[in-house]
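In what follows, a structure is listed as structure tokens, so that the remarks can point back to it.
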Amino acid sequence: MTQERAKVCLVVGAGDGLGGAIARAFAAQGLIVCVTRRPRNLDSLEALAQSIRDQGGEAYAFGLDAREEEPMVALINKIEAEIGDLEVVAFNIGANVRFSITETTSRVYQKVWEMAAFAGFVAGREAARVMSPRGRGTIIFTGATASFRGREGFSAFAGAKHALRALAQSMARELGPKGLHVAHVILDGMVEGSFIKGLLPDYEARLAKGDIIQVDEAAKNWVWLWNQNKCAWTHELDLRPGSETW
């Protein structure tokens, strides 16, 4: 009798906010969790993995730049060979920057595109490569308000997020008939984390009031998408606080 292999969730872009919450949520479901950030953030990434292990889960930290194709290919191969079957990939790189159009250099535009769009393509392609033969798997891309609406000062970010959304749509149409669920989750509002905390003097009060998306609550939707029956899959989901104007 062939022993069933462990199921793995890979979170690409696991920081102190949503990415970490997604990792914890899937670990609580019994999946082995692999988390990535750039090598310079490996210490904090390992702390996240250790916190999951402290709660009885299994987690591994990998420092890599998701914009680099070969390391991402190697990581997917390593997971499949040494850890388990890749069941879920959550692509969660943000790349939110704001510059006027005349101050947006080609380097800024290209870097943001590489982080939010090209890296998503590489992660999504490699996930599809190993999931397709099994006829199952879930790939979830994190979007933002900029995924569907460009604003002044956000030409680079909106361009990259629009591209990621188009990628998700194309992959969903191609891979759905093969048994793979591809989804795109739009976060339309401020999201809990150190970045927003540094911008708002009344952060704690607004978080308690529910004016900021709480990451543990948001992460429940990633698990819900994974658990959906294929007869009623959600492709795009938008999350926002009740107080958000849209």
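In the structure tokens, each chain is lettered A, B, ... as it comes, each chain's residues begin at 1, and ligands are numbered from 1 in order of appearance.
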Env of range 36-50 of chain A: 6 Å cut, atoms = only C-alpha atoms, seq-sep filter 3 positions within chain, self excluded. Answer as an mmCIF file with N, CA, C and O atoms, in the first residue's frame.
data_model
loop_
_atom_site.group_PDB
_atom_site.id
_atom_site.type_symbol
_atom_site.label_atom_id
_atom_site.label_comp_id
_atom_site.auth_asym_id
_atom_site.auth_seq_id
_atom_site.Cartn_x
_atom_site.Cartn_y
_atom_site.Cartn_z
ATOM 1 N N VAL A 12 4.612 32.523 -0.241
ATOM 2 C CA VAL A 12 5.667 33.352 -0.828
ATOM 3 C C VAL A 12 5.415 34.797 -0.400
ATOM 4 O O VAL A 12 4.454 35.419 -0.833
ATOM 5 N N GLY A 13 6.279 35.294 0.470
ATOM 6 C CA GLY A 13 6.073 36.626 1.018
ATOM 7 C C GLY A 13 5.396 36.549 2.375
ATOM 8 O O GLY A 13 4.270 37.015 2.548
ATOM 9 N N ALA A 14 6.078 35.937 3.338
ATOM 10 C CA ALA A 14 5.501 35.724 4.672
ATOM 11 C C ALA A 14 6.150 36.676 5.661
ATOM 12 O O ALA A 14 7.192 36.370 6.241
ATOM 13 N N ARG A 53 6.044 25.927 14.899
ATOM 14 C CA ARG A 53 6.487 24.671 15.506
ATOM 15 C C ARG A 53 6.150 24.630 16.995
ATOM 16 O O ARG A 53 5.790 23.575 17.537
ATOM 17 N N ALA A 59 7.003 23.525 10.168
ATOM 18 C CA ALA A 59 7.251 24.690 9.309
ATOM 19 C C ALA A 59 8.724 24.801 8.971
ATOM 20 O O ALA A 59 9.591 24.452 9.772
ATOM 21 N N TYR A 60 8.985 25.320 7.755
ATOM 22 C CA TYR A 60 10.346 25.496 7.266
ATOM 23 C C TYR A 60 10.476 26.883 6.660
ATOM 24 O O TYR A 60 9.581 27.341 5.941
ATOM 25 N N ALA A 61 11.598 27.542 6.931
ATOM 26 C CA ALA A 61 11.850 28.889 6.418
ATOM 27 C C ALA A 61 12.900 28.851 5.326
ATOM 28 O O ALA A 61 13.920 28.169 5.462
ATOM 29 N N PHE A 62 12.647 29.583 4.245
ATOM 30 C CA PHE A 62 13.578 29.639 3.117
ATOM 31 C C PHE A 62 13.801 31.093 2.719
ATOM 32 O O PHE A 62 12.855 31.787 2.344
ATOM 33 N N GLY A 63 15.042 31.530 2.789
ATOM 34 C CA GLY A 63 15.371 32.871 2.343
ATOM 35 C C GLY A 63 15.692 32.876 0.867
ATOM 36 O O GLY A 63 16.689 32.285 0.446
ATOM 37 N N LEU A 64 14.828 33.505 0.076
ATOM 38 C CA LEU A 64 15.088 33.618 -1.359
ATOM 39 C C LEU A 64 14.386 34.843 -1.917
ATOM 40 O O LEU A 64 13.413 35.337 -1.355
ATOM 41 N N ASP A 65 14.887 35.325 -3.015
ATOM 42 C CA ASP A 65 14.271 36.435 -3.734
ATOM 43 C C ASP A 65 13.349 35.829 -4.781
ATOM 44 O O ASP A 65 13.812 35.195 -5.735
#
Among chain A, which residues does DSSP mark as strand (DSSP E) when it is run on the backbone? Keep the chain and numbering as in the structure and answer as a compact mmCIF listing (two decimals) with N, CA and C atoms, in the first residue's frame.
# COMPACT_ATOMS: atom_id res chain seq x y z
N LYS A 7 0.82 16.97 2.93
CA LYS A 7 0.41 18.11 2.12
C LYS A 7 1.12 19.37 2.62
N VAL A 8 1.54 20.18 1.66
CA VAL A 8 2.36 21.35 1.98
C VAL A 8 1.68 22.63 1.49
N CYS A 9 1.78 23.67 2.32
CA CYS A 9 1.37 25.02 1.92
C CYS A 9 2.63 25.87 1.82
N LEU A 10 2.84 26.50 0.69
CA LEU A 10 3.95 27.42 0.49
C LEU A 10 3.43 28.84 0.48
N VAL A 11 3.95 29.68 1.37
CA VAL A 11 3.59 31.09 1.40
C VAL A 11 4.78 31.90 0.91
N VAL A 12 4.61 32.52 -0.24
CA VAL A 12 5.67 33.35 -0.83
C VAL A 12 5.41 34.80 -0.40
N ILE A 32 1.89 21.01 6.35
CA ILE A 32 3.26 21.47 6.57
C ILE A 32 3.39 22.82 5.88
N VAL A 33 3.99 23.78 6.54
CA VAL A 33 4.08 25.13 5.99
C VAL A 33 5.53 25.46 5.63
N CYS A 34 5.73 25.96 4.42
CA CYS A 34 7.01 26.50 3.98
C CYS A 34 6.82 27.99 3.73
N VAL A 35 7.68 28.81 4.29
CA VAL A 35 7.53 30.26 4.16
C VAL A 35 8.80 30.86 3.56
N THR A 36 8.62 31.89 2.75
CA THR A 36 9.76 32.53 2.11
C THR A 36 9.71 34.05 2.28
N ARG A 37 10.89 34.63 2.35
CA ARG A 37 11.13 36.07 2.22
C ARG A 37 12.53 36.22 1.68
N ALA A 59 7.00 23.52 10.17
CA ALA A 59 7.25 24.69 9.31
C ALA A 59 8.72 24.80 8.97
N TYR A 60 8.99 25.32 7.76
CA TYR A 60 10.35 25.50 7.27
C TYR A 60 10.48 26.88 6.66
N ALA A 61 11.60 27.54 6.93
CA ALA A 61 11.85 28.89 6.42
C ALA A 61 12.90 28.85 5.33
N PHE A 62 12.65 29.58 4.25
CA PHE A 62 13.58 29.64 3.12
C PHE A 62 13.80 31.09 2.72
N GLY A 63 15.04 31.53 2.79
CA GLY A 63 15.37 32.87 2.34
C GLY A 63 15.69 32.88 0.87
N ASP A 85 3.73 16.84 -0.89
CA ASP A 85 3.04 17.32 -2.08
C ASP A 85 2.59 18.76 -1.89
N LEU A 86 2.92 19.60 -2.83
CA LEU A 86 2.51 20.99 -2.76
C LEU A 86 0.99 21.07 -2.98
N GLU A 87 0.29 21.43 -1.94
CA GLU A 87 -1.18 21.47 -1.96
C GLU A 87 -1.70 22.88 -2.16
N VAL A 88 -1.04 23.85 -1.56
CA VAL A 88 -1.46 25.25 -1.63
C VAL A 88 -0.24 26.13 -1.85
N VAL A 89 -0.36 27.09 -2.75
CA VAL A 89 0.62 28.15 -2.88
C VAL A 89 -0.10 29.48 -2.69
N ALA A 90 0.36 30.26 -1.72
CA ALA A 90 -0.18 31.59 -1.49
C ALA A 90 0.89 32.60 -1.87
N PHE A 91 0.65 33.33 -2.95
CA PHE A 91 1.60 34.35 -3.39
C PHE A 91 1.19 35.67 -2.79
N THR A 138 -4.31 24.26 -4.98
CA THR A 138 -4.90 25.60 -4.88
C THR A 138 -3.79 26.64 -4.96
N ILE A 139 -3.98 27.63 -5.82
CA ILE A 139 -3.03 28.72 -5.98
C ILE A 139 -3.79 30.02 -5.74
N ILE A 140 -3.34 30.80 -4.75
CA ILE A 140 -4.06 32.01 -4.38
C ILE A 140 -3.10 33.21 -4.45
N PHE A 141 -3.50 34.21 -5.21
CA PHE A 141 -2.72 35.43 -5.36
C PHE A 141 -3.35 36.55 -4.52
N THR A 142 -2.52 37.30 -3.82
CA THR A 142 -3.01 38.44 -3.04
C THR A 142 -3.03 39.69 -3.90
N GLY A 143 -4.21 40.28 -4.02
CA GLY A 143 -4.37 41.52 -4.77
C GLY A 143 -4.59 42.69 -3.84
N ALA A 144 -4.86 43.84 -4.43
CA ALA A 144 -5.06 45.07 -3.66
C ALA A 144 -6.05 45.96 -4.42
N HIS A 181 -7.50 24.88 -8.47
CA HIS A 181 -8.28 26.06 -8.10
C HIS A 181 -7.35 27.26 -8.02
N VAL A 182 -7.56 28.24 -8.87
CA VAL A 182 -6.77 29.47 -8.85
C VAL A 182 -7.67 30.62 -8.44
N ALA A 183 -7.26 31.35 -7.41
CA ALA A 183 -8.08 32.43 -6.88
C ALA A 183 -7.25 33.70 -6.70
N HIS A 184 -7.96 34.82 -6.64
CA HIS A 184 -7.33 36.14 -6.49
C HIS A 184 -8.11 36.87 -5.40
N VAL A 185 -7.43 37.24 -4.31
CA VAL A 185 -8.09 37.90 -3.18
C VAL A 185 -7.65 39.35 -3.12
N ILE A 186 -8.61 40.25 -3.26
CA ILE A 186 -8.33 41.69 -3.24
C ILE A 186 -8.54 42.22 -1.83
N LEU A 187 -7.51 42.85 -1.29
CA LEU A 187 -7.60 43.50 0.01
C LEU A 187 -7.82 44.99 -0.23
N GLU A 236 -12.55 35.21 -7.63
CA GLU A 236 -12.12 36.49 -7.07
C GLU A 236 -12.96 36.85 -5.86
N LEU A 237 -12.27 37.29 -4.82
CA LEU A 237 -12.89 37.63 -3.55
C LEU A 237 -12.32 38.96 -3.11
N ASP A 238 -13.18 39.88 -2.65
CA ASP A 238 -12.65 41.14 -2.14
C ASP A 238 -13.02 41.29 -0.66
N LEU A 239 -12.04 41.74 0.12
CA LEU A 239 -12.19 41.92 1.55
C LEU A 239 -11.93 43.37 1.91
Interatomic distance between CA of Ile22 in chain A and CA of Phe118 in chain A?
->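 Between these atoms lies a distance of 21.5 Å.
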Option closest in space to Gly120 in chain A, from A:Thr234, A:Ala95, A:Phe154, A:Leu167 [counting only C-alpha atoms] |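 Using only C-alpha atoms, the shortest distance to Gly120 in chain A belongs to A:Leu167.
Coordinates place CA of Ser155 in chain A at a distance of 7.9 Å from CA of Phe99 in chain A.
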Do you have the CA of Phe157 in chain A-CA of Ala205 in chain A distance handy?
->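 The value is 28.4 Å.
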With only C-alpha atoms as the atoms that count, which of A:Ile93, A:Ala21, A:Ala27, A:Ile79 lies nearest to Glu58 in chain A?
-> A:Ala27
Among the residues A:Leu18, A:Ile83, A:Ile212, A:Val97, the one that comes closest to Glu152 in chain A [using only C-alpha atoms] =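 When distances to Glu152 in chain A are compared using only C-alpha atoms, the smallest one comes from A:Val97.
Taking only C-alpha atoms, the non-local environment of Ala166 in chain A within 10 Å (same-chain residues fewer than 4 positions away omitted) comprises Ala117, Ser147, Ala160, Lys161, His162, Ser170, Met171, Ala172 and His184 of chain A.
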Based on the selection just made, write all heavy atoms of those residues as a short mmCIF file (atom, residue, chain, number, x, y, z; two decimals), in the first residue's frame.
data_model
loop_
_atom_site.label_atom_id
_atom_site.label_comp_id
_atom_site.auth_asym_id
_atom_site.auth_seq_id
_atom_site.Cartn_x
_atom_site.Cartn_y
_atom_site.Cartn_z
N ALA A 117 4.42 41.05 -10.10
CA ALA A 117 3.87 40.39 -11.27
C ALA A 117 4.74 39.23 -11.75
O ALA A 117 4.28 38.08 -11.84
CB ALA A 117 3.67 41.39 -12.40
N SER A 147 -5.40 46.50 -7.91
CA SER A 147 -5.62 45.45 -8.89
C SER A 147 -6.72 45.81 -9.89
O SER A 147 -6.75 45.28 -11.00
CB SER A 147 -6.02 44.14 -8.17
OG SER A 147 -5.02 43.72 -7.28
N ALA A 160 1.57 46.67 -11.97
CA ALA A 160 1.98 45.33 -11.57
C ALA A 160 0.81 44.52 -11.04
O ALA A 160 0.67 43.32 -11.35
CB ALA A 160 3.08 45.42 -10.51
N LYS A 161 -0.04 45.15 -10.24
CA LYS A 161 -1.18 44.42 -9.66
C LYS A 161 -2.23 44.08 -10.71
O LYS A 161 -2.88 43.04 -10.63
CB LYS A 161 -1.79 45.23 -8.52
CG LYS A 161 -1.00 45.17 -7.23
CD LYS A 161 -0.94 43.74 -6.68
CE LYS A 161 -0.30 43.67 -5.32
NZ LYS A 161 -0.24 42.29 -4.80
N HIS A 162 -2.41 44.97 -11.70
CA HIS A 162 -3.29 44.62 -12.82
C HIS A 162 -2.75 43.39 -13.55
O HIS A 162 -3.50 42.50 -13.94
CB HIS A 162 -3.40 45.80 -13.78
CG HIS A 162 -4.49 46.77 -13.48
ND1 HIS A 162 -4.52 47.54 -12.33
CD2 HIS A 162 -5.60 47.11 -14.18
CE1 HIS A 162 -5.60 48.31 -12.34
NE2 HIS A 162 -6.27 48.07 -13.46
N SER A 170 -6.09 34.16 -16.27
CA SER A 170 -5.64 33.25 -17.33
C SER A 170 -5.35 31.86 -16.78
O SER A 170 -5.72 30.84 -17.37
CB SER A 170 -4.39 33.82 -18.01
OG SER A 170 -4.68 35.04 -18.67
N MET A 171 -4.68 31.81 -15.62
CA MET A 171 -4.36 30.53 -15.01
C MET A 171 -5.63 29.79 -14.58
O MET A 171 -5.74 28.57 -14.73
CB MET A 171 -3.43 30.73 -13.83
CG MET A 171 -2.01 31.09 -14.22
SD MET A 171 -0.92 31.34 -12.78
CE MET A 171 -1.05 29.74 -11.97
N ALA A 172 -6.59 30.53 -14.03
CA ALA A 172 -7.83 29.89 -13.58
C ALA A 172 -8.57 29.24 -14.74
O ALA A 172 -9.08 28.12 -14.62
CB ALA A 172 -8.73 30.92 -12.89
N HIS A 184 -7.96 34.82 -6.64
CA HIS A 184 -7.33 36.14 -6.49
C HIS A 184 -8.11 36.87 -5.40
O HIS A 184 -9.32 37.07 -5.52
CB HIS A 184 -7.42 36.90 -7.82
CG HIS A 184 -6.78 38.26 -7.80
ND1 HIS A 184 -7.50 39.42 -7.95
CD2 HIS A 184 -5.48 38.64 -7.67
CE1 HIS A 184 -6.68 40.46 -7.92
NE2 HIS A 184 -5.45 40.01 -7.75
#
Fewer than 4 positions away in the same chain doesn't count, so skip those; otherwise give me all residues within 8 Å of Glu244 in chain A, counting only C-alpha atoms, as a count of residues only.
-> 4
Which is closer to Val122 in chain A than all the others in A:Lys230, A:Arg136, A:Arg173, A:Arg67, using only C-alpha atoms?
->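 Of A:Lys230, A:Arg136, A:Arg173, A:Arg67, the one nearest Val122 in chain A, counting only C-alpha atoms, is A:Arg67.
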